[in-house]
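> File model.txt below, compact mmCIF, C-alpha atoms and all ligand atoms:
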```
# COMPACT_ATOMS: atom_id res chain seq x y z
CA MET F 263 32.87 -21.45 -1.62
CA SER F 264 31.09 -18.54 0.08
CA ASP F 265 32.57 -16.01 -2.36
CA GLN F 266 30.96 -17.81 -5.32
CA PRO F 267 28.04 -16.05 -6.99
CA ASN F 268 24.66 -17.36 -5.91
CA THR F 269 23.30 -19.63 -8.67
CA ASN F 270 20.06 -20.32 -6.86
CA ILE F 271 18.33 -16.94 -6.56
CA ILE F 272 14.73 -16.80 -5.44
CA THR F 273 12.69 -14.59 -7.73
CA LEU F 274 9.22 -13.37 -6.76
CA THR F 275 7.64 -15.65 -9.38
CA ARG F 276 9.59 -18.66 -8.10
CA HIS F 277 8.56 -17.83 -4.53
CA VAL F 278 4.87 -17.55 -5.42
CA LEU F 279 5.08 -20.70 -7.58
CA ALA F 280 6.48 -22.58 -4.57
CA ASP F 281 3.22 -21.81 -2.72
CA GLN F 282 1.28 -22.99 -5.73
CA PHE F 283 3.21 -26.31 -5.80
CA GLU F 284 2.46 -26.78 -2.11
CA LEU F 285 -1.28 -26.51 -2.76
CA GLY F 286 -0.99 -29.16 -5.49
CA PRO F 287 -3.37 -29.53 -8.41
CA VAL F 288 -6.16 -27.47 -6.76
CA ALA F 289 -4.13 -24.31 -7.42
CA SER F 290 -4.92 -22.93 -10.87
CA GLY F 291 -1.87 -20.69 -11.08
CA ASP F 292 -4.11 -17.72 -11.85
CA LEU F 293 -2.87 -15.67 -8.89
CA THR F 294 0.73 -16.37 -9.95
CA LEU F 295 -0.03 -15.04 -13.43
CA LEU F 296 -1.83 -12.01 -12.04
CA LEU F 297 1.16 -11.25 -9.81
CA THR F 298 3.41 -11.57 -12.86
CA ALA F 299 1.32 -8.90 -14.59
CA ILE F 300 1.59 -6.66 -11.51
CA GLN F 301 5.37 -7.13 -11.44
CA THR F 302 5.55 -6.07 -15.06
CA THR F 303 3.57 -2.90 -14.32
CA SER F 304 5.94 -2.09 -11.46
CA LYS F 305 9.00 -2.51 -13.71
CA PHE F 306 7.38 -0.36 -16.39
CA ILE F 307 6.39 2.38 -13.92
CA ALA F 308 9.85 2.22 -12.26
CA THR F 309 11.48 2.82 -15.64
CA ASN F 310 9.28 5.83 -16.30
CA VAL F 311 9.87 7.24 -12.81
CA ARG F 312 13.63 7.04 -13.42
CA LYS F 313 13.35 8.80 -16.80
CA ALA F 314 10.62 11.25 -15.77
CA ARG F 315 12.80 14.34 -15.74
CA LEU F 316 14.36 13.44 -19.10
CA ILE F 317 11.23 12.63 -21.07
CA ASN F 318 9.00 15.45 -19.88
CA LEU F 319 6.95 13.36 -17.47
CA ILE F 320 7.22 15.90 -14.65
CA GLY F 321 4.32 18.16 -13.80
CA LEU F 322 0.56 18.27 -14.13
CA ALA F 323 -1.55 16.35 -16.62
CA GLY F 324 -4.21 19.07 -16.66
CA GLU F 325 -7.09 17.04 -15.20
CA THR F 326 -8.53 16.67 -11.70
CA ASN F 327 -9.46 13.28 -10.23
CA ILE F 328 -12.65 12.48 -8.31
CA GLN F 329 -10.96 13.38 -5.02
CA GLY F 330 -10.37 16.89 -6.31
CA GLU F 331 -6.61 16.35 -6.69
CA GLU F 332 -4.76 17.69 -9.70
CA GLN F 333 -3.39 14.68 -11.56
CA LYS F 334 0.29 14.56 -12.37
CA LYS F 335 1.46 13.17 -15.70
CA LEU F 336 2.94 10.19 -13.86
CA ASP F 337 -0.39 9.51 -12.06
CA VAL F 338 -2.15 9.22 -15.41
CA LEU F 339 0.60 7.23 -17.12
CA SER F 340 0.89 4.76 -14.22
CA ASN F 341 -2.88 4.31 -14.19
CA ASP F 342 -2.92 3.57 -17.93
CA ILE F 343 -0.06 1.08 -17.58
CA MET F 344 -1.92 -0.79 -14.85
CA ILE F 345 -5.32 -0.85 -16.52
CA ASN F 346 -3.83 -2.13 -19.81
CA SER F 347 -1.70 -4.81 -18.19
CA LEU F 348 -4.33 -6.05 -15.72
CA ARG F 349 -6.97 -6.29 -18.43
CA ALA F 350 -4.61 -8.09 -20.81
CA SER F 351 -3.64 -10.60 -18.09
CA GLY F 352 -7.05 -12.23 -18.50
CA LYS F 353 -7.15 -12.74 -14.73
CA THR F 354 -9.23 -9.77 -13.60
CA ALA F 355 -12.93 -8.93 -13.49
CA VAL F 356 -13.17 -5.57 -11.67
CA LEU F 357 -10.52 -2.87 -11.32
CA VAL F 358 -10.66 0.15 -9.00
CA SER F 359 -8.09 2.92 -9.37
CA GLU F 360 -7.58 6.14 -7.43
CA GLU F 361 -7.43 7.95 -10.76
CA LEU F 362 -10.72 6.68 -12.23
CA ASP F 363 -14.11 7.89 -10.97
CA GLU F 364 -15.82 4.57 -11.66
CA ALA F 365 -14.79 0.94 -11.33
CA VAL F 366 -13.70 -0.77 -14.55
CA PHE F 367 -15.60 -3.96 -15.47
CA ILE F 368 -13.54 -6.22 -17.72
CA ASP F 369 -15.11 -7.48 -20.95
CA GLU F 370 -16.06 -11.16 -21.12
CA LYS F 371 -13.20 -12.14 -23.42
CA HIS F 372 -10.57 -10.96 -20.94
CA ARG F 373 -12.47 -11.65 -17.73
CA GLY F 374 -10.82 -13.62 -14.92
CA LYS F 375 -11.50 -14.35 -11.27
CA TYR F 376 -9.70 -11.55 -9.45
CA CYS F 377 -10.44 -7.92 -8.64
CA VAL F 378 -7.60 -5.46 -8.17
CA VAL F 379 -7.88 -2.17 -6.29
CA PHE F 380 -4.89 0.14 -6.69
CA ASP F 381 -3.21 3.46 -6.19
CA PRO F 382 -1.11 3.62 -9.37
CA LEU F 383 1.24 6.31 -8.10
CA ASP F 384 1.34 7.08 -4.40
CA GLY F 385 3.09 10.20 -3.15
CA SER F 386 2.40 12.39 -6.19
CA SER F 387 3.41 15.52 -4.31
CA ASN F 388 6.94 14.09 -4.06
CA ILE F 389 7.42 13.25 -7.76
CA ASP F 390 9.01 16.49 -8.91
CA ALA F 391 11.49 16.47 -6.00
CA GLY F 392 12.71 12.96 -6.76
CA VAL F 393 11.56 11.64 -3.36
CA ASN F 394 10.39 8.01 -2.99
CA ILE F 395 6.99 7.20 -4.46
CA GLY F 396 5.18 3.92 -5.07
CA THR F 397 2.27 1.81 -6.27
CA ILE F 398 -0.18 0.13 -3.85
CA PHE F 399 -2.47 -2.80 -4.71
CA GLY F 400 -4.99 -5.13 -3.09
CA ILE F 401 -6.49 -8.27 -4.62
CA TYR F 402 -9.88 -9.90 -3.98
CA HIS F 403 -11.07 -13.19 -5.42
CA ILE F 404 -14.39 -12.65 -7.14
CA ARG F 405 -17.44 -13.94 -5.15
CA PRO F 406 -18.73 -17.39 -6.18
CA ASP F 407 -20.73 -17.24 -9.44
CA SER F 408 -20.21 -13.49 -9.84
CA LYS F 409 -19.35 -12.08 -13.26
CA GLY F 410 -17.77 -9.05 -11.64
CA THR F 411 -19.87 -6.36 -9.96
CA LEU F 412 -19.25 -3.52 -7.53
CA GLN F 413 -20.15 -5.91 -4.69
CA ASP F 414 -16.96 -7.87 -5.45
CA VAL F 415 -14.86 -4.90 -4.30
CA LEU F 416 -17.14 -3.37 -1.64
CA ARG F 417 -15.90 -5.97 0.83
CA PRO F 418 -13.86 -5.73 4.03
CA GLY F 419 -10.10 -5.78 3.67
CA SER F 420 -9.99 -9.02 5.67
CA GLU F 421 -11.35 -10.73 2.53
CA MET F 422 -8.38 -9.69 0.38
CA VAL F 423 -6.29 -12.64 -0.82
CA ALA F 424 -3.14 -10.61 -1.46
CA ALA F 425 -1.85 -7.07 -1.13
CA GLY F 426 1.38 -5.21 -1.59
CA TYR F 427 3.23 -2.18 -2.82
CA THR F 428 6.24 -1.33 -4.92
CA MET F 429 8.39 1.54 -3.72
CA TYR F 430 10.40 3.41 -6.33
CA GLY F 431 13.48 4.62 -4.48
CA SER F 432 17.19 4.04 -4.79
CA SER F 433 16.01 0.61 -5.90
CA ALA F 434 12.51 -0.70 -6.67
CA ASN F 435 11.22 -2.78 -3.76
CA LEU F 436 8.11 -4.91 -4.00
CA VAL F 437 6.59 -5.97 -0.68
CA LEU F 438 3.89 -8.62 -0.82
CA THR F 439 1.57 -10.67 1.34
CA THR F 440 -0.63 -13.53 0.19
CA GLY F 441 -1.86 -14.05 3.75
CA LYS F 442 1.13 -16.05 4.94
CA GLY F 443 3.46 -13.38 6.22
CA VAL F 444 5.19 -10.58 4.34
CA ASN F 445 8.15 -10.80 1.96
CA GLY F 446 10.19 -8.07 0.29
CA TYR F 447 11.83 -8.30 -3.13
CA THR F 448 14.31 -5.96 -4.80
CA LEU F 449 14.37 -5.38 -8.54
CA ASP F 450 17.60 -6.53 -10.15
CA ALA F 451 17.48 -4.16 -13.09
CA ALA F 452 19.94 -6.21 -15.16
CA LEU F 453 17.92 -9.40 -14.75
CA GLY F 454 14.58 -7.62 -14.83
CA GLU F 455 13.47 -9.77 -11.89
CA PHE F 456 12.36 -9.05 -8.33
CA ILE F 457 14.69 -11.05 -6.05
CA LEU F 458 13.77 -12.11 -2.51
CA THR F 459 15.86 -9.84 -0.28
CA HIS F 460 13.62 -9.37 2.79
CA PRO F 461 12.13 -12.75 3.71
CA ASN F 462 9.47 -12.84 6.43
CA ILE F 463 9.36 -9.14 7.38
CA ARG F 464 8.29 -8.66 11.02
CA VAL F 465 7.54 -5.20 12.37
CA PRO F 466 9.41 -4.78 15.69
CA PRO F 467 6.98 -4.83 18.66
CA ARG F 468 8.03 -1.29 19.59
CA GLY F 469 9.85 1.43 17.67
CA LYS F 470 11.29 4.88 18.30
CA ILE F 471 9.76 6.79 15.40
CA TYR F 472 6.42 8.54 14.86
CA SER F 473 5.26 9.58 11.40
CA PHE F 474 2.40 12.10 11.20
CA ASN F 475 1.83 15.31 9.22
CA GLU F 476 2.02 17.54 12.28
CA GLY F 477 1.24 20.54 10.10
CA ASN F 478 -2.36 19.46 10.70
CA SER F 479 -1.97 19.70 14.51
CA MET F 480 -4.51 22.52 14.89
CA TYR F 481 -7.18 20.21 13.45
CA PHE F 482 -6.25 17.04 15.39
CA HIS F 483 -8.73 15.53 17.85
CA GLU F 484 -7.73 15.30 21.50
CA PRO F 485 -6.60 11.63 21.63
CA VAL F 486 -4.09 12.26 18.83
CA THR F 487 -2.79 15.49 20.39
CA LYS F 488 -2.40 13.82 23.78
CA TYR F 489 -0.71 10.77 22.28
CA LEU F 490 1.78 12.85 20.28
CA ASN F 491 2.57 14.91 23.40
CA SER F 492 3.26 11.68 25.30
CA LEU F 493 5.88 10.81 22.67
CA LYS F 494 7.49 14.24 22.65
CA TYR F 495 7.42 14.87 26.41
CA PRO F 496 7.74 11.37 27.91
CA SER F 497 7.62 10.76 31.64
CA ASN F 498 9.69 8.30 33.72
CA GLY F 499 12.99 9.43 32.20
CA LYS F 500 12.18 7.83 28.82
CA LEU F 501 13.62 9.34 25.65
CA PRO F 502 11.36 11.21 23.22
CA TYR F 503 10.55 9.62 19.84
CA SER F 504 12.09 10.78 16.56
CA ALA F 505 9.87 12.30 13.87
CA ARG F 506 10.08 11.00 10.28
CA TYR F 507 7.46 11.97 7.71
CA ILE F 508 8.05 11.61 3.98
CA GLY F 509 4.52 12.29 2.74
CA SER F 510 4.43 9.19 0.51
CA MET F 511 2.41 6.54 2.34
CA VAL F 512 4.40 3.79 0.63
CA ALA F 513 7.71 5.13 1.91
CA ASP F 514 6.41 5.94 5.39
CA VAL F 515 4.85 2.48 5.75
CA HIS F 516 7.93 0.76 4.31
CA ARG F 517 10.11 2.37 6.96
CA THR F 518 7.57 1.55 9.67
CA LEU F 519 7.50 -2.14 8.68
CA LEU F 520 11.30 -2.36 8.75
CA TYR F 521 12.16 -0.12 11.73
CA GLY F 522 8.94 -0.13 13.75
CA GLY F 523 7.14 2.83 15.32
CA ILE F 524 3.83 4.33 14.26
CA PHE F 525 2.50 5.92 11.07
CA GLY F 526 -0.71 7.93 11.33
CA TYR F 527 -3.03 9.92 9.12
CA PRO F 528 -5.98 10.60 11.41
CA ASP F 529 -9.40 12.03 10.68
CA ASP F 530 -9.54 15.54 12.13
CA LYS F 531 -11.70 18.64 12.51
CA LYS F 532 -11.09 19.58 8.88
CA SER F 533 -11.03 16.14 7.16
CA LYS F 534 -13.96 14.38 8.80
CA ASN F 535 -13.01 10.98 7.35
CA GLY F 536 -9.26 11.47 7.14
CA LYS F 537 -7.36 11.65 3.87
CA LEU F 538 -6.22 8.16 2.95
CA ARG F 539 -8.48 6.00 0.81
CA LEU F 540 -9.81 2.81 2.34
CA LEU F 541 -9.80 0.42 -0.62
CA TYR F 542 -6.44 1.06 -2.25
CA GLU F 543 -4.38 2.71 0.50
CA ALA F 544 -5.62 1.70 3.98
CA PHE F 545 -6.68 -1.91 3.29
CA PRO F 546 -3.51 -3.13 1.53
CA MET F 547 -1.26 -1.44 4.11
CA ALA F 548 -3.37 -2.75 7.00
CA PHE F 549 -3.22 -6.28 5.59
CA LEU F 550 0.59 -6.07 5.25
CA THR F 551 0.98 -4.59 8.74
CA GLU F 552 -1.10 -7.30 10.40
CA GLN F 553 0.70 -10.01 8.44
CA ALA F 554 3.99 -8.57 9.72
CA GLY F 555 2.76 -8.77 13.32
CA GLY F 556 1.67 -5.14 13.74
CA ILE F 557 -1.68 -3.39 14.28
CA ALA F 558 -3.73 -1.23 11.88
CA THR F 559 -6.63 0.74 13.36
CA THR F 560 -8.76 3.83 12.84
CA GLY F 561 -8.12 4.55 16.53
CA THR F 562 -11.26 2.74 17.62
CA LYS F 563 -11.77 0.01 15.01
CA ARG F 564 -9.70 -2.59 13.13
CA ILE F 565 -9.27 -1.20 9.61
CA LEU F 566 -9.63 -4.60 7.89
CA ASP F 567 -13.14 -5.02 9.41
CA ILE F 568 -14.60 -1.92 7.74
CA VAL F 569 -17.24 -2.71 5.10
CA PRO F 570 -16.85 -0.13 2.31
CA THR F 571 -19.91 1.52 0.78
CA ASP F 572 -18.04 3.65 -1.76
CA ILE F 573 -14.94 2.74 -3.77
CA HIS F 574 -13.23 6.05 -3.00
CA GLN F 575 -14.19 6.42 0.65
CA ARG F 576 -11.58 7.59 3.11
CA CYS F 577 -10.64 6.49 6.59
CA SER F 578 -8.50 7.37 9.58
CA VAL F 579 -5.29 5.30 9.69
CA PHE F 580 -2.81 4.39 12.42
CA LEU F 581 -0.49 1.46 11.86
CA GLY F 582 2.80 -0.01 12.98
CA SER F 583 4.41 -1.67 16.00
CA LYS F 584 1.85 -3.37 18.20
CA ASP F 585 2.96 -1.72 21.46
CA ASP F 586 3.06 1.74 19.91
CA VAL F 587 -0.36 1.45 18.30
CA ALA F 588 -1.75 -0.02 21.55
CA ASP F 589 -0.53 3.12 23.37
CA LEU F 590 -2.39 5.30 20.88
CA GLN F 591 -5.55 3.21 21.24
CA LYS F 592 -5.49 3.83 25.03
CA PHE F 593 -5.96 7.56 24.42
CA TYR F 594 -9.06 6.81 22.31
CA GLN F 595 -10.40 4.46 25.01
CA GLN F 596 -9.95 7.16 27.67
CA GLU F 597 -12.07 9.48 25.59
CA ALA F 598 -14.91 7.01 25.11
P1 LIG L 601 -1.55 10.08 -3.57
O1 LIG L 601 -0.26 10.71 -4.00
O2 LIG L 601 -1.73 8.69 -4.09
O3 LIG L 601 -2.75 10.96 -3.81
O4 LIG L 601 -1.47 9.82 -2.00
C1 LIG L 601 -1.07 10.87 -1.16
C2 LIG L 601 -1.24 10.44 0.24
C3 LIG L 601 -0.16 9.52 0.79
O5 LIG L 601 0.83 9.11 -0.05
C4 LIG L 601 0.46 10.31 1.91
O6 LIG L 601 0.57 9.48 3.03
C5 LIG L 601 -0.45 11.46 2.15
O7 LIG L 601 -1.24 11.60 1.02
C6 LIG L 601 0.31 12.72 2.38
O8 LIG L 601 -0.59 13.72 2.65
P2 LIG L 601 -0.14 15.16 3.19
O9 LIG L 601 0.56 15.82 2.05
O10 LIG L 601 -1.44 15.81 3.56
O11 LIG L 601 0.74 14.93 4.38
MN MN L 602 -3.67 11.39 -5.59
MN MN L 603 -1.74 7.41 -2.38
MN MN L 604 -1.93 8.09 -6.08
```
Can I see the file as structure tokens?


Amino acid sequence: MSDQPNTNIITLTRHVLADQFELGPVASGDLTLLLTAIQTTSKFIATNVRKARLINLIGLAGETNIQGEEQKKLDVLSNDIMINSLRASGKTAVLVSEELDEAVFIDEKHRGKYCVVFDPLDGSSNIDAGVNIGTIFGIYHIRPDSKGTLQDVLRPGSEMVAAGYTMYGSSANLVLTTGKGVNGYTLDAALGEFILTHPNIRVPPRGKIYSFNEGNSMYFHEPVTKYLNSLKYPSNGKLPYSARYIGSMVADVHRTLLYGGIFGYPDDKKSKNGKLRLLYEAFPMAFLTEQAGGIATTGTKRILDIVPTDIHQRCSVFLGSKDDVADLQKFYQQEA
């Protein structure tokens, strides 16, 4: 019978619904519906990414975002897709996007109980070359009695109720945590459904890969330089690590979750606070990493404990296998 087609596939919606059934009548199903809206945005963005070259979606949009980055057409389109869909879901109250200077407060008619922070298109510099890119999102439940204010999203990442990303590569892969481990789903384009293909992702305790933009080496602080040297010139007859750096956080983190090792984008002498954004890049990826059994740190502090003061603030990021990140942390401790 093993060569029979599987008639009992687990879709993402079915998987999330199973959690809802477990909670019984207390669960409203709102998170399930919100996640359905997010899945739809990922399918829509994936379709546009695939067609980008054919429908003139390559290149610059002509505007600059608040971080001073030139927006690509796909950055703007993906942002619009997400704002429209999340608002229409009726499940959100506050939205924060990399591409919008200010937070979006949802009108009363459409207002729900969740806040979504997101990077609509991660890895913009890779779009035109056809290299993997993605979407990152984090979800907070609104504070009790709040109608949706900035305070609902200026909260530590440890208060997120769900986080994930979709990577647009040879297939579209959605990786999600709702605080009970990490699961990966692959889009079956014919069905239009994300199917559970990577249940219970665990990051190996140690890997063999490091993933940093070493072009910034001249700006790196000493603990990072010393750590990277320890990987490249190991003692005790150990083998050196392999370097892999794609330049799309989604793709670099995806590989790190599956293969292990360490991904880093440190603060340095030039970028005082690092490059990656806390709310919609560092927090969701830190939440996923911890849920997969890894560590996510600034070097000296757990990322998920940071209390944001600005929606677009940046932070230093190291994440991955627990033994690898622990080695890095030792170099910071030596410095202190
Ligand atoms: P975005 O495309 O959303 O602005 O994010 C870019 C980020 C992230 O994807 C990646 O890890 C990092 O920038 C790459 O930066 P460098 O080009 O400086 O290596
Ligand atoms: Mn950007
Ligand atoms: Mn990004
Ligand atoms: Mn982006």

> Step by step, measure atom-to-atom distances between ligand MN 604 (chain L) and each residue using all atoms listed in the file, keep those at most 12 Å, then write them as JSON, numbers by chain.

{"F": [327, 328, 329, 331, 332, 333, 334, 335, 336, 337, 338, 339, 340, 341, 359, 360, 361, 362, 379, 380, 381, 382, 383, 384, 385, 386, 387, 388, 389, 395, 396, 397, 398, 399, 427, 509, 510, 511, 512, 537, 538, 539, 542, 543, 574]}

> Please indicate the distance in Å from atom C1 of ligand LIG 601 (chain L) to atom CA of Glu552 of chain F, rounded to one decimal place.

21.5 Å

> As an exercise, work out the distance from atom CA of Ser497 of chain F to atom CA of Val465 of chain F in Å and give it to one decimal place.

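That distance, rounded to one decimal, is 25.0 Å.
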
> Segment 458-460 of chain F: which residues within 10 Å, counting all atoms listed in the file, same-chain residues fewer than 2 positions away excluded, as a count of residues only?

22

> Which residues come within 7 Å of Phe545 of chain F, counting all atoms listed in the file, excluding same-chain residues fewer than 6 positions away, as a list in words?

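Listing them by chain and then by number gives Gly419, Ile565 and Leu566 of chain F.
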
> List as a list in words the protein and nucleic acid residues near segment 475-477 of chain F, meaning an atom at most 10 Å away when only C-alpha atoms are counted, but skip any in the same chain fewer than 3 places from it.

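Near segment 475-477 of chain F, the qualifying residues are Tyr472, Met480, Tyr481, Phe482, Thr487, Leu490, Ala505, Arg506, Tyr507, Ile508, Gly509, Phe525, Gly526, Tyr527 and Pro528 of chain F.
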
> Provide the atom CA of Val393 of chain F to atom CA of Asp514 of chain F distance in Å, to one decimal place.

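For atom CA of Val393 of chain F relative to atom CA of Asp514 of chain F, the distance reads 11.6 Å.
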
> Between F:Arg349, F:Gln575, F:Thr440, F:Asp414, which has the minimum distance to Lys534 of chain F (counting all atoms listed in the file)?

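The answer is F:Gln575, which sits nearest to Lys534 of chain F.
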
> Ranking F:His403, F:Leu319, F:Lys371, F:Val587 by minimum distance to Asp292 of chain F and counting all atoms listed in the file, which one comes first?

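Closest residue, counting all atoms listed in the file: F:His403.
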
> Of the residues F:Leu322, F:Ile404, F:Thr354, F:Ile457, which is the one nearest to Asn268 of chain F, using only C-alpha atoms?

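Smallest separation from Asn268 of chain F among the options: F:Ile457.
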
> Please report, as JSON, the centre and edge lengths in Å to one decimal of an axis-aligned box covering all listed atoms of ligand LIG 601 (chain L) with 3 Å per side.


```
{"center_x": -1.0, "center_y": 12.3, "center_z": 0.1, "size_x": 9.6, "size_y": 13.1, "size_z": 14.5}
```

> Pick from F:Gly330, F:Leu357, F:Pro287, F:Arg312: nearest to ligand MN 602 (chain L), with all atoms listed in the file counted?

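Distance minimum relative to ligand MN 602 (chain L) lands on F:Gly330.
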